[in-house]
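See structure below.
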Amino acid sequence: MTDKATKGLIQLGIVPKDVIIAETKGRVLVADLAIAKHQALLAELGKGGVQVDLINDPDKCCKQIASQYYEVCVVNLLLGGSGPFDYIRKLRTLSKNPEIRIMVLSRQAQKTNIQNSIQAGANDFVVEPFDSDNFRQRVLYHLTPKKVVDASAYEGLALTPQSVPFLETLLEATELLCRAPHGSEHAVFLKILQKIAGQLNSNRTSLIIVELESNSGLVLASSDDPTFRDFPISLHKYPEILHVIHTGSLVLVEDVTRNAMTNQINDTVRSIQIGSLMVFPIRFQVEVMGVLTIRRPQANELPTSDVLRVVQALANAMAAHSNLKAILRRLYKDFSSTSAA
């Protein structure tokens with residue numbers, strides 16, 4: 001559902017037409033052949049007033065999602081039988097809520113399964129067995145307010161004077177990255193991140209590469225701390241990053257205090273105050289291999305579409321060098337292991 005303010009921004013061309021604003025309604029449909037394992041989720045979400053309906057029959061699930069309004073549907077890939085991806089498409093087509101968020105569960109975590117699920121209409125992919133608390137956090141993330149913007153909404157749009165400072169940063173970043181000597185990548189990343197942070201009034205802007213198979217990430221640099229580098233993180237704790245990695249879309253939480261999941265950031269990250277959050281996908285060739293996260297101290301609206309476009313280009317420019325660094329690190333690790341053996 002789109003609020004009046006955002007409708008006005010869409011009419012002015014400031015916010016892309018396909019921006020989605022998900023309003024909390026608190027109703028979840030869980031479709032799985034083994035529903036007993038979701039009892040803990042049902043109990044925990046129920047404490048917060050979220051209604052959870054459990055179904056273990058594929059036909060009944062279709063009827064339920066077509067007749068009742070849900071914000072989130074959790075569906076096990078096995079429920080679709082021999083045509084699991086067609087089943088996901090069917091659920092999205094039948095859904096009474098056209099903006100429903102579909103979370104897929106599966107033990108088959110191959111990259112093709114994830115990609116096919118997202119292409120079929122899923123918003124998230126959860127690998128089984130899962131940690132109950134992390135799974136609950138991901139459901140809460142999809143239940144609460146956020147904006148999701150597909151890159152195609154702003155690619156090719158005309159640039160305005162507002163984007164000029166960011167274009168200058170993009171030019172500077174490209175020059176720095178192209179002539180950076182080996183070993184100086186962190187210093188270059190830091191300089192670019194600090195420039196972006198200053199332009200967007202961010203108190204922490206970070207560059208992160210991810211490894212989906214291990215559900216882990218590596219923070220290469222962060223604008224607020226020159227000594228912070230190559231810091232490992234678990235993606236289980238960052239459903240917003242997983243969302244971006246899976247879908248390739250920009251995610252914006254304008255006010256983290258209105259989001260049940262992101263509101264916890266201020267409890268766990270006490271070094272800075274976080275009011276709003278932007279997470280850009282970074283691409284190397286056709287693969288989303290990391291994110292650019294921009295945290296700001298106050299709640300903020302989405303920047304104009306042309307500014308988003310340039311910031312996305314900045315993220316992609318850093319991605320190529322990030323990927324190269326990751327490949328070299330992996331090769332060195334494999335070489336060291338072989339030599340030691």
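Just so we're on the same page: first chain in the structure tokens is A, next is B, and so on; residues restart at 1 for each chain, and ligands are numbered from 1 in the order they show up.
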- Message: Give me the residues near Val52 of chain A as a ChimeraX atom specification, where near means some atom within 9 Å (using only C-alpha atoms) and where sequence neighbours in that chain fewer than 3 positions away do not count.
- Response: /A:26-30,41-43,45-46
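Residues of segment 97-164 of chain A that DSSP places in strand (DSSP E), based on the backbone of this structure, are Arg101, Ile102, Met103, Val104, Leu105, Ser106, Asp124, Phe125, Val126, Val127, Lys147, Val148 and Val149 of chain A.
For the choices A:Val288, A:Ile245, A:Val279, A:Leu250, the atom-to-atom distance to Tyr154 of chain A is smallest for A:Leu250 when using only C-alpha atoms.
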- Message: Report as a ChimeraX atom specification all protein, DNA and RNA residues lying within 8 Å of segment 189-193 of chain A, evaluated on only C-alpha atoms, omitting residues in the same chain fewer than 2 positions from it.
- Response: /A:169,173,185-187,195-197,205-207,220-223,226,318
Among segment 175-212 of chain A, which ones does DSSP place in helix (DSSP H, G or I), written as a JSON list (two decimals) with C-alpha atoms, in the first residue's frame?
```json
[["chain", "number", "residue", "atom", "x", "y", "z"],
["A", 175, "GLU", "CA", 40.41, 7.26, -11.23],
["A", 176, "LEU", "CA", 41.48, 6.13, -7.75],
["A", 177, "LEU", "CA", 40.50, 2.51, -8.34],
["A", 178, "CYS", "CA", 42.23, 2.32, -11.72],
["A", 185, "GLU", "CA", 42.72, -1.19, -1.84],
["A", 186, "HIS", "CA", 41.52, -0.57, 1.70],
["A", 187, "ALA", "CA", 42.74, 3.04, 1.69],
["A", 188, "VAL", "CA", 40.97, 3.65, -1.64],
["A", 189, "PHE", "CA", 37.73, 2.03, -0.49],
["A", 190, "LEU", "CA", 37.86, 4.07, 2.71],
["A", 191, "LYS", "CA", 38.31, 7.35, 0.85],
["A", 192, "ILE", "CA", 35.38, 6.62, -1.48],
["A", 193, "LEU", "CA", 33.13, 5.48, 1.37],
["A", 194, "GLN", "CA", 33.93, 8.60, 3.39],
["A", 195, "LYS", "CA", 33.06, 10.78, 0.39],
["A", 196, "ILE", "CA", 29.70, 9.00, -0.07],
["A", 197, "ALA", "CA", 29.02, 9.22, 3.67],
["A", 198, "GLY", "CA", 29.62, 12.97, 3.66],
["A", 199, "GLN", "CA", 27.29, 13.54, 0.71],
["A", 212, "LEU", "CA", 26.09, -17.18, 0.23]]
```
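If only C-alpha atoms are the atoms counted, then among A:Ala313, A:Leu143, A:Val72, A:Ala151 the closest residue to Ala122 of chain A is A:Val72.
Atom pair atom CA of Ser249 of chain A / atom CA of Asp150 of chain A has a distance of 4.8 Å (rounded to one decimal).
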- Using only C-alpha atoms, determine which residues lie at most 12 Å from Arg107 of chain A, disregarding the query and same-chain residues fewer than 2 positions distant; provide the list as a ChimeraX atom specification. /A:76-78,104-105,109-110,113-114,125-130
Writing out the chosen residues with C-alpha atoms as a PDB file, in the first residue's frame:
```
ATOM      1  CA  ASN A  76       8.732 -25.151   1.534  1.00  0.00           C
ATOM      2  CA  LEU A  77      10.053 -25.911  -1.942  1.00  0.00           C
ATOM      3  CA  LEU A  78       8.970 -29.546  -1.516  1.00  0.00           C
ATOM      4  CA  VAL A 104      11.111 -20.128   0.314  1.00  0.00           C
ATOM      5  CA  LEU A 105      12.388 -22.907   2.595  1.00  0.00           C
ATOM      6  CA  ALA A 109      20.729 -24.493  -1.268  1.00  0.00           C
ATOM      7  CA  GLN A 110      22.280 -24.689  -4.708  1.00  0.00           C
ATOM      8  CA  ASN A 113      17.593 -23.146  -6.740  1.00  0.00           C
ATOM      9  CA  ILE A 114      17.955 -19.735  -5.146  1.00  0.00           C
ATOM     10  CA  PHE A 125      15.401 -18.098   0.443  1.00  0.00           C
ATOM     11  CA  VAL A 126      15.953 -19.772   3.816  1.00  0.00           C
ATOM     12  CA  VAL A 127      18.214 -22.807   4.019  1.00  0.00           C
ATOM     13  CA  GLU A 128      17.155 -25.672   6.261  1.00  0.00           C
ATOM     14  CA  PRO A 129      17.870 -26.569   8.972  1.00  0.00           C
ATOM     15  CA  PHE A 130      17.480 -23.012  10.246  1.00  0.00           C
TER      16      PHE A 130
END
```
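Nearest to Asn116 of chain A of all the residues A:Lys147, A:Arg89, A:Arg179, A:Arg229 is A:Arg89, counting only C-alpha atoms.
Considering the residues A:Lys90, A:Lys237, A:His182, A:His246 and counting only C-alpha atoms, Tyr141 of chain A has its shortest atom-to-atom contact with A:Lys237.
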- Note on the structure: Correct to one decimal, the distance atom CA of Pro239 of chain A-atom CA of Arg138 of chain A is 5.5 Å
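For the pair atom CA of Gly121 of chain A and atom CA of Ile88 of chain A, the separation is 6.4 Å.
With only C-alpha atoms as the atoms that count, the minimum distance from Thr293 of chain A to the choices A:Leu314, A:Val75, A:Ile241, A:Ala319 is reached by A:Ile241.
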- Item | Shell around Glu155 of chain A at 12 Å using only C-alpha atoms, local window under 5 positions removed, as an NGL selection string | :A and (16 or 149-150 or 305-313)
Write the residues of the selection above to a file with C-alpha atoms, as a PDB file, in the first residue's frame.
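Output contents, as saved in result17.pdb:
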```
ATOM      1  CA  PRO A  16      10.289   5.260  -9.053  1.00  0.00           C
ATOM      2  CA  VAL A 149      13.464  -0.447  -5.633  1.00  0.00           C
ATOM      3  CA  ASP A 150      14.452  -2.432  -8.683  1.00  0.00           C
ATOM      4  CA  SER A 305      16.246   8.518  -8.638  1.00  0.00           C
ATOM      5  CA  ASP A 306      19.238   9.977 -10.467  1.00  0.00           C
ATOM      6  CA  VAL A 307      21.249  10.119  -7.226  1.00  0.00           C
ATOM      7  CA  LEU A 308      20.371   6.476  -6.585  1.00  0.00           C
ATOM      8  CA  ARG A 309      21.573   5.672 -10.070  1.00  0.00           C
ATOM      9  CA  VAL A 310      24.987   7.266  -9.517  1.00  0.00           C
ATOM     10  CA  VAL A 311      25.437   5.727  -6.048  1.00  0.00           C
ATOM     11  CA  GLN A 312      24.622   2.342  -7.590  1.00  0.00           C
ATOM     12  CA  ALA A 313      27.304   2.966 -10.213  1.00  0.00           C
TER      13      ALA A 313
END
```
